[in-house]
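Below: one structure, written as structure tokens.
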Amino acid sequence: MNVLEIFSSVQGEGKYVGCRQIFIRLSDCNLRCAYCDTNFSRADFCNVETFAGSMKFTQIKNPLDAAQVTDIVKNFCRQVPTHSVSFTGGEPLLSWEFILEVATAIKKSCNVKIFLETNGTLTDELKKVLGVVDIISMDIKLGEGLLDRHKEFLKSAREKDLYVKAVISADTSTEEFLQAVELIAEISSEILFILQPVTPVGNVQAAPPEKILNFQAMALKRLRNVRVIPQTHKLIKIF
Ligand code: SF4
């Protein structure tokens with residue numbers, strides 16, 4: 001398996017912002033979002049933190065097998081008590097067999113939850129790993145023609161500790177946003193919905209604050225729990 005990074009840090013987004021996590025960043029994604037900050041081009045080596053939270057790295061040649069990754073995670077868990085192990089990307093569900101193997105081994109030896117950060121488009125793959133996943137952070141992609149795929153995904157994901165995030169930029173249209181709200185409400189009005197104001201990158205511009213507040217107000221008419229949470233890890237310059 002080609003793994004880009006393994007490190008210990010804090011979750012910077014969403015419901016579990018601030019929780020200590022171990023991140024396993026897998027290579028490749030089935031989408032290409034304009035605001036994406038993942039560098040998919042370098043997969044020859046995996047950057048592995050030398051000690052949990054040191055922000056110093058050594059390189060291990062890819063591919064890594066499940067046993068190698070499990071040993072690294074177990075080591076980090078001994079060094080720092082950890083809330084959860086996040087499989088992130090890229091789109092981690094492209095590597096569902098790897099997740100299944102590593103997560104099963106981790107759960108046998110570490111007292112951590114398994115956290116999945118996903119773009120919410122690969123439902124068949126999700127079903128294969130649902131037994132080992134505790135928390136699902138699903139991004140809803142506005143304006144990409146993916147709403148039907150998101151709906152199928154949500155039907156399966158809702159049995160877990162699930163929340164949905166939408167990145168809001170200056171270009172996000174009200175129509176697309178309301179379609180996403182309706183989609184979530186059709187599954188359950190109890191699903192936590194998080195509006196994440198975009199961190200500007202390249203040509204992607206921040207949304208004005210009044211737009212964010214207006215979007216939250218509209219969403220609250222259909223959903224019980226709607227929060228605005230920006231990317232906090234970038235404010236304090238950690239991964
Ligand atoms: S789904 Fe996530 S990892 Fe994939 S391109 Fe979009 S932002 Fe990047």
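Every chain in the structure tokens takes a letter, A first, then B, and so on in the order presented; its residues are numbered from 1, and the ligands are numbered from 1 following the presented order.
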Per residue of chain A within 6 Å of ligand 1, record the nearest atom pair and its distance in Å to one decimal, counting only C-alpha atoms and all ligand atoms, with rows in chain order and ascending residue number, as JSON lines.
{"residue": "A:Cys29", "atom": "CA", "partner": "ligand 1", "partner_atom_place_in_ligand_line": "4 (Fe)", "distance": 4.7}
{"residue": "A:Leu31", "atom": "CA", "partner": "ligand 1", "partner_atom_place_in_ligand_line": "5 (S)", "distance": 4.6}
{"residue": "A:Arg32", "atom": "CA", "partner": "ligand 1", "partner_atom_place_in_ligand_line": "5 (S)", "distance": 3.6}
{"residue": "A:Cys33", "atom": "CA", "partner": "ligand 1", "partner_atom_place_in_ligand_line": "6 (Fe)", "distance": 4.1}
{"residue": "A:Cys36", "atom": "CA", "partner": "ligand 1", "partner_atom_place_in_ligand_line": "8 (Fe)", "distance": 4.1}
{"residue": "A:Thr38", "atom": "CA", "partner": "ligand 1", "partner_atom_place_in_ligand_line": "8 (Fe)", "distance": 5.8}
{"residue": "A:Gly89", "atom": "CA", "partner": "ligand 1", "partner_atom_place_in_ligand_line": "3 (S)", "distance": 5.3}
{"residue": "A:Gly90", "atom": "CA", "partner": "ligand 1", "partner_atom_place_in_ligand_line": "3 (S)", "distance": 3.6}
{"residue": "A:Glu91", "atom": "CA", "partner": "ligand 1", "partner_atom_place_in_ligand_line": "3 (S)", "distance": 5.6}
{"residue": "A:Asn119", "atom": "CA", "partner": "ligand 1", "partner_atom_place_in_ligand_line": "1 (S)", "distance": 4.9}
Problem set entry | Close residues, Pro81 of chain A itself excluded, 9 Å, only C-alpha atoms, min 2 positions apart in chain, as a list in words | Arg20, Phe76, Cys77, Arg78, Gln79, His83, Asn111 and Val112 of chain A
Write the residues of the selection above to a file with N, CA, C and O atoms, as an mmCIF file, in the first residue's frame.
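What ended up in selection_35.cif:
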data_model
loop_
_atom_site.group_PDB
_atom_site.id
_atom_site.type_symbol
_atom_site.label_atom_id
_atom_site.label_comp_id
_atom_site.auth_asym_id
_atom_site.auth_seq_id
_atom_site.Cartn_x
_atom_site.Cartn_y
_atom_site.Cartn_z
ATOM 1 N N ARG A 20 -6.709 14.503 19.925
ATOM 2 C CA ARG A 20 -5.421 13.951 19.489
ATOM 3 C C ARG A 20 -5.671 12.715 18.613
ATOM 4 O O ARG A 20 -6.412 11.806 18.999
ATOM 5 N N PHE A 76 3.141 4.910 18.456
ATOM 6 C CA PHE A 76 2.633 6.262 18.728
ATOM 7 C C PHE A 76 1.630 6.242 19.886
ATOM 8 O O PHE A 76 1.623 7.147 20.724
ATOM 9 N N CYS A 77 0.785 5.221 19.918
ATOM 10 C CA CYS A 77 -0.222 5.138 20.994
ATOM 11 C C CYS A 77 0.449 4.976 22.361
ATOM 12 O O CYS A 77 -0.048 5.483 23.370
ATOM 13 N N ARG A 78 1.591 4.279 22.386
ATOM 14 C CA ARG A 78 2.332 4.149 23.647
ATOM 15 C C ARG A 78 2.944 5.491 24.041
ATOM 16 O O ARG A 78 3.038 5.826 25.218
ATOM 17 N N GLN A 79 3.340 6.297 23.048
ATOM 18 C CA GLN A 79 4.024 7.569 23.330
ATOM 19 C C GLN A 79 3.048 8.665 23.772
ATOM 20 O O GLN A 79 3.376 9.481 24.625
ATOM 21 N N HIS A 83 -6.937 9.750 20.963
ATOM 22 C CA HIS A 83 -8.394 9.580 20.856
ATOM 23 C C HIS A 83 -8.772 8.608 19.756
ATOM 24 O O HIS A 83 -9.601 7.713 19.923
ATOM 25 N N ASN A 111 -6.406 1.204 22.666
ATOM 26 C CA ASN A 111 -7.729 1.684 23.077
ATOM 27 C C ASN A 111 -8.049 2.986 22.328
ATOM 28 O O ASN A 111 -8.027 4.070 22.896
ATOM 29 N N VAL A 112 -8.290 2.863 21.032
ATOM 30 C CA VAL A 112 -8.567 4.038 20.191
ATOM 31 C C VAL A 112 -9.778 3.759 19.308
ATOM 32 O O VAL A 112 -10.117 2.608 19.034
#
Exercise. Within 9 Å of Met55 of chain A, counting only C-alpha atoms, which residues qualify if same-chain residues fewer than 3 places away don't, as a PyMOL selection string?
Worked result: chain A and resi 7-9+49-52+238-239
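The smallest atom-to-atom distance between Thr199 of chain A and any of A:Ala219, A:Ser169, A:Leu130, A:Ile24, using only C-alpha atoms, is found for A:Ser169.
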Counting only C-alpha atoms, which residues in segment 178-217 of chain A sit no more than 12 Å from segment 154-162 of chain A? For each one, give the nearest pair of atoms and the distance in Å, sorted by chain then residue number, as a Markdown table.
| residue | atom | partner | partner_atom | distance |
| --- | --- | --- | --- | --- |
| A:Ala180 | CA | A:Leu154 | CA | 11.8 |
| A:Leu183 | CA | A:Leu154 | CA | 9.3 |
| A:Ile184 | CA | A:Leu154 | CA | 7.9 |
| A:Ala185 | CA | A:Leu154 | CA | 10.8 |
| A:Glu186 | CA | A:Lys155 | CA | 9.9 |
| A:Ile187 | CA | A:Lys155 | CA | 6.7 |
| A:Ser188 | CA | A:Arg158 | CA | 8.6 |
| A:Ser189 | CA | A:Arg158 | CA | 11.4 |
| A:Glu190 | CA | A:Arg158 | CA | 10.0 |
| A:Ile191 | CA | A:Leu162 | CA | 7.0 |
| A:Leu192 | CA | A:Leu162 | CA | 7.4 |
| A:Phe193 | CA | A:Leu162 | CA | 9.5 |
| A:Ile194 | CA | A:Leu162 | CA | 11.2 |
Just asking: which residues within segment 48-155 of chain A are alpha helix (DSSP H) according to DSSP, as a short mmCIF file (atom, residue, chain, number, x, y, z; two decimals) with N, CA, C and O atoms, in the first residue's frame?
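Below you can see selection_20.cif, which holds the result:
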data_model
loop_
_atom_site.label_atom_id
_atom_site.label_comp_id
_atom_site.auth_asym_id
_atom_site.auth_seq_id
_atom_site.Cartn_x
_atom_site.Cartn_y
_atom_site.Cartn_z
N ALA A 66 0.52 -3.86 5.92
CA ALA A 66 -0.36 -3.56 7.07
C ALA A 66 0.37 -3.73 8.40
O ALA A 66 0.16 -2.96 9.33
N ALA A 67 1.25 -4.75 8.47
CA ALA A 67 1.95 -5.00 9.75
C ALA A 67 2.88 -3.84 10.09
O ALA A 67 2.97 -3.43 11.25
N GLN A 68 3.57 -3.28 9.09
CA GLN A 68 4.46 -2.13 9.34
C GLN A 68 3.66 -0.95 9.88
O GLN A 68 4.06 -0.30 10.85
N VAL A 69 2.55 -0.65 9.23
CA VAL A 69 1.73 0.50 9.64
C VAL A 69 1.16 0.28 11.04
O VAL A 69 1.17 1.19 11.89
N THR A 70 0.70 -0.92 11.31
CA THR A 70 0.15 -1.23 12.63
C THR A 70 1.20 -1.03 13.71
O THR A 70 0.92 -0.46 14.78
N ASP A 71 2.43 -1.47 13.46
CA ASP A 71 3.51 -1.31 14.46
C ASP A 71 3.79 0.16 14.74
O ASP A 71 4.00 0.56 15.89
N ILE A 72 3.79 0.98 13.69
CA ILE A 72 4.04 2.42 13.86
C ILE A 72 2.93 3.04 14.73
O ILE A 72 3.18 3.80 15.66
N VAL A 73 1.68 2.68 14.42
CA VAL A 73 0.54 3.22 15.18
C VAL A 73 0.61 2.79 16.63
O VAL A 73 0.41 3.60 17.56
N LYS A 74 0.92 1.53 16.87
CA LYS A 74 0.99 1.03 18.25
C LYS A 74 2.06 1.79 19.03
O LYS A 74 1.89 2.14 20.20
N ASN A 75 3.18 2.06 18.37
CA ASN A 75 4.26 2.82 18.98
C ASN A 75 3.80 4.22 19.38
O ASN A 75 4.04 4.69 20.50
N PHE A 76 3.14 4.91 18.46
CA PHE A 76 2.63 6.26 18.73
C PHE A 76 1.63 6.24 19.89
O PHE A 76 1.62 7.15 20.72
N CYS A 77 0.78 5.22 19.92
CA CYS A 77 -0.22 5.14 20.99
C CYS A 77 0.45 4.98 22.36
O CYS A 77 -0.05 5.48 23.37
N ARG A 78 1.59 4.28 22.39
CA ARG A 78 2.33 4.15 23.65
C ARG A 78 2.94 5.49 24.04
O ARG A 78 3.04 5.83 25.22
N GLN A 79 3.34 6.30 23.05
CA GLN A 79 4.02 7.57 23.33
C GLN A 79 3.05 8.67 23.77
O GLN A 79 3.38 9.48 24.62
N TRP A 96 -9.84 0.06 0.82
CA TRP A 96 -10.65 -0.49 1.90
C TRP A 96 -10.05 -1.77 2.50
O TRP A 96 -10.17 -2.03 3.70
N GLU A 97 -9.40 -2.60 1.67
CA GLU A 97 -8.83 -3.85 2.22
C GLU A 97 -7.72 -3.55 3.23
O GLU A 97 -7.61 -4.21 4.26
N PHE A 98 -6.93 -2.54 2.90
CA PHE A 98 -5.85 -2.12 3.79
C PHE A 98 -6.42 -1.57 5.10
O PHE A 98 -5.95 -1.90 6.20
N ILE A 99 -7.46 -0.74 5.00
CA ILE A 99 -8.10 -0.19 6.20
C ILE A 99 -8.60 -1.32 7.10
O ILE A 99 -8.40 -1.33 8.31
N LEU A 100 -9.26 -2.29 6.47
CA LEU A 100 -9.83 -3.41 7.23
C LEU A 100 -8.74 -4.14 8.01
O LEU A 100 -8.89 -4.43 9.20
N GLU A 101 -7.63 -4.41 7.34
CA GLU A 101 -6.55 -5.18 7.96
C GLU A 101 -5.90 -4.37 9.10
O GLU A 101 -5.72 -4.89 10.21
N VAL A 102 -5.56 -3.11 8.82
CA VAL A 102 -4.86 -2.29 9.83
C VAL A 102 -5.80 -1.98 11.00
O VAL A 102 -5.41 -2.11 12.16
N ALA A 103 -7.02 -1.57 10.71
CA ALA A 103 -7.96 -1.18 11.77
C ALA A 103 -8.27 -2.37 12.68
O ALA A 103 -8.36 -2.22 13.91
N THR A 104 -8.42 -3.54 12.10
CA THR A 104 -8.70 -4.73 12.92
C THR A 104 -7.54 -5.00 13.87
O THR A 104 -7.74 -5.27 15.07
N ALA A 105 -6.32 -4.90 13.37
CA ALA A 105 -5.14 -5.15 14.21
C ALA A 105 -4.99 -4.08 15.29
O ALA A 105 -4.69 -4.38 16.45
N ILE A 106 -5.24 -2.82 14.94
CA ILE A 106 -5.10 -1.73 15.91
C ILE A 106 -6.10 -1.90 17.04
O ILE A 106 -5.78 -1.74 18.22
N LYS A 107 -7.33 -2.27 16.69
CA LYS A 107 -8.38 -2.38 17.71
C LYS A 107 -8.08 -3.48 18.71
O LYS A 107 -8.54 -3.43 19.86
N LYS A 108 -7.29 -4.48 18.29
CA LYS A 108 -6.95 -5.57 19.21
C LYS A 108 -5.95 -5.11 20.26
O LYS A 108 -5.89 -5.69 21.34
N SER A 109 -5.14 -4.09 19.96
CA SER A 109 -4.06 -3.77 20.89
C SER A 109 -4.06 -2.33 21.40
O SER A 109 -3.32 -2.02 22.33
N THR A 123 -19.86 3.86 -1.72
CA THR A 123 -20.72 3.17 -0.76
C THR A 123 -20.38 1.68 -0.64
O THR A 123 -20.35 1.14 0.47
N ASP A 124 -20.13 1.01 -1.75
CA ASP A 124 -19.81 -0.43 -1.67
C ASP A 124 -18.57 -0.66 -0.82
O ASP A 124 -18.52 -1.59 0.00
N GLU A 125 -17.57 0.20 -1.00
CA GLU A 125 -16.33 0.07 -0.23
C GLU A 125 -16.58 0.39 1.25
O GLU A 125 -16.04 -0.27 2.14
N LEU A 126 -17.43 1.38 1.52
CA LEU A 126 -17.77 1.70 2.92
C LEU A 126 -18.37 0.49 3.62
O LEU A 126 -18.00 0.17 4.76
N LYS A 127 -19.27 -0.21 2.94
CA LYS A 127 -19.94 -1.35 3.57
C LYS A 127 -18.94 -2.42 4.00
O LYS A 127 -19.15 -3.12 4.98
N LYS A 128 -17.82 -2.52 3.28
CA LYS A 128 -16.81 -3.54 3.61
C LYS A 128 -16.10 -3.22 4.94
O LYS A 128 -15.61 -4.12 5.60
N VAL A 129 -16.02 -1.92 5.30
CA VAL A 129 -15.24 -1.55 6.50
C VAL A 129 -16.11 -1.07 7.66
O VAL A 129 -15.59 -0.73 8.72
N LEU A 147 -24.61 14.30 -5.78
CA LEU A 147 -25.60 14.20 -4.69
C LEU A 147 -26.24 12.82 -4.59
O LEU A 147 -26.49 12.34 -3.48
N ASP A 148 -26.52 12.17 -5.72
CA ASP A 148 -27.11 10.83 -5.65
C ASP A 148 -26.16 9.84 -4.97
O ASP A 148 -26.57 8.99 -4.17
N ARG A 149 -24.87 9.96 -5.30
CA ARG A 149 -23.88 9.07 -4.68
C ARG A 149 -23.76 9.37 -3.19
O ARG A 149 -23.63 8.46 -2.37
N HIS A 150 -23.81 10.65 -2.82
CA HIS A 150 -23.76 11.02 -1.40
C HIS A 150 -24.97 10.44 -0.64
O HIS A 150 -24.85 9.98 0.49
N LYS A 151 -26.11 10.46 -1.30
CA LYS A 151 -27.33 9.97 -0.63
C LYS A 151 -27.21 8.48 -0.30
O LYS A 151 -27.52 8.05 0.82
N GLU A 152 -26.75 7.71 -1.27
CA GLU A 152 -26.56 6.26 -1.03
C GLU A 152 -25.56 6.05 0.10
O GLU A 152 -25.74 5.18 0.96
N PHE A 153 -24.49 6.83 0.08
CA PHE A 153 -23.45 6.70 1.10
C PHE A 153 -24.02 6.98 2.49
O PHE A 153 -23.78 6.24 3.45
N LEU A 154 -24.79 8.06 2.60
CA LEU A 154 -25.35 8.46 3.90
C LEU A 154 -26.27 7.39 4.48
O LEU A 154 -26.30 7.19 5.70
N LYS A 155 -27.00 6.71 3.61
CA LYS A 155 -27.92 5.67 4.10
C LYS A 155 -27.15 4.60 4.87
O LYS A 155 -27.64 4.06 5.86
#
Exercise. For Asn225 of chain A, which residue among A:Ile114, A:Leu195, A:Ala34, A:Val132 is the nearest when counting only C-alpha atoms?
Worked result: A:Leu195
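Across A:Gln196, A:Gln216, A:Asn39, A:Asn203, the tightest approach to Pro230 of chain A is made by A:Gln196 when counting only C-alpha atoms.
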For this session: Please return as number ranges by chain: the residues of segment 157-203 of chain A that backbone DSSP assigns to strand (DSSP E or B).
Result: A: 161-169, 192-197, 201
Exercise. Leaving out Met218 of chain A and any residue of its chain fewer than 2 positions from it, which residues lie within 12 Å of it when counting only C-alpha atoms, given as a ChimeraX atom specification?
Worked result: /A:174-175,177-182,195,211-216,220-226
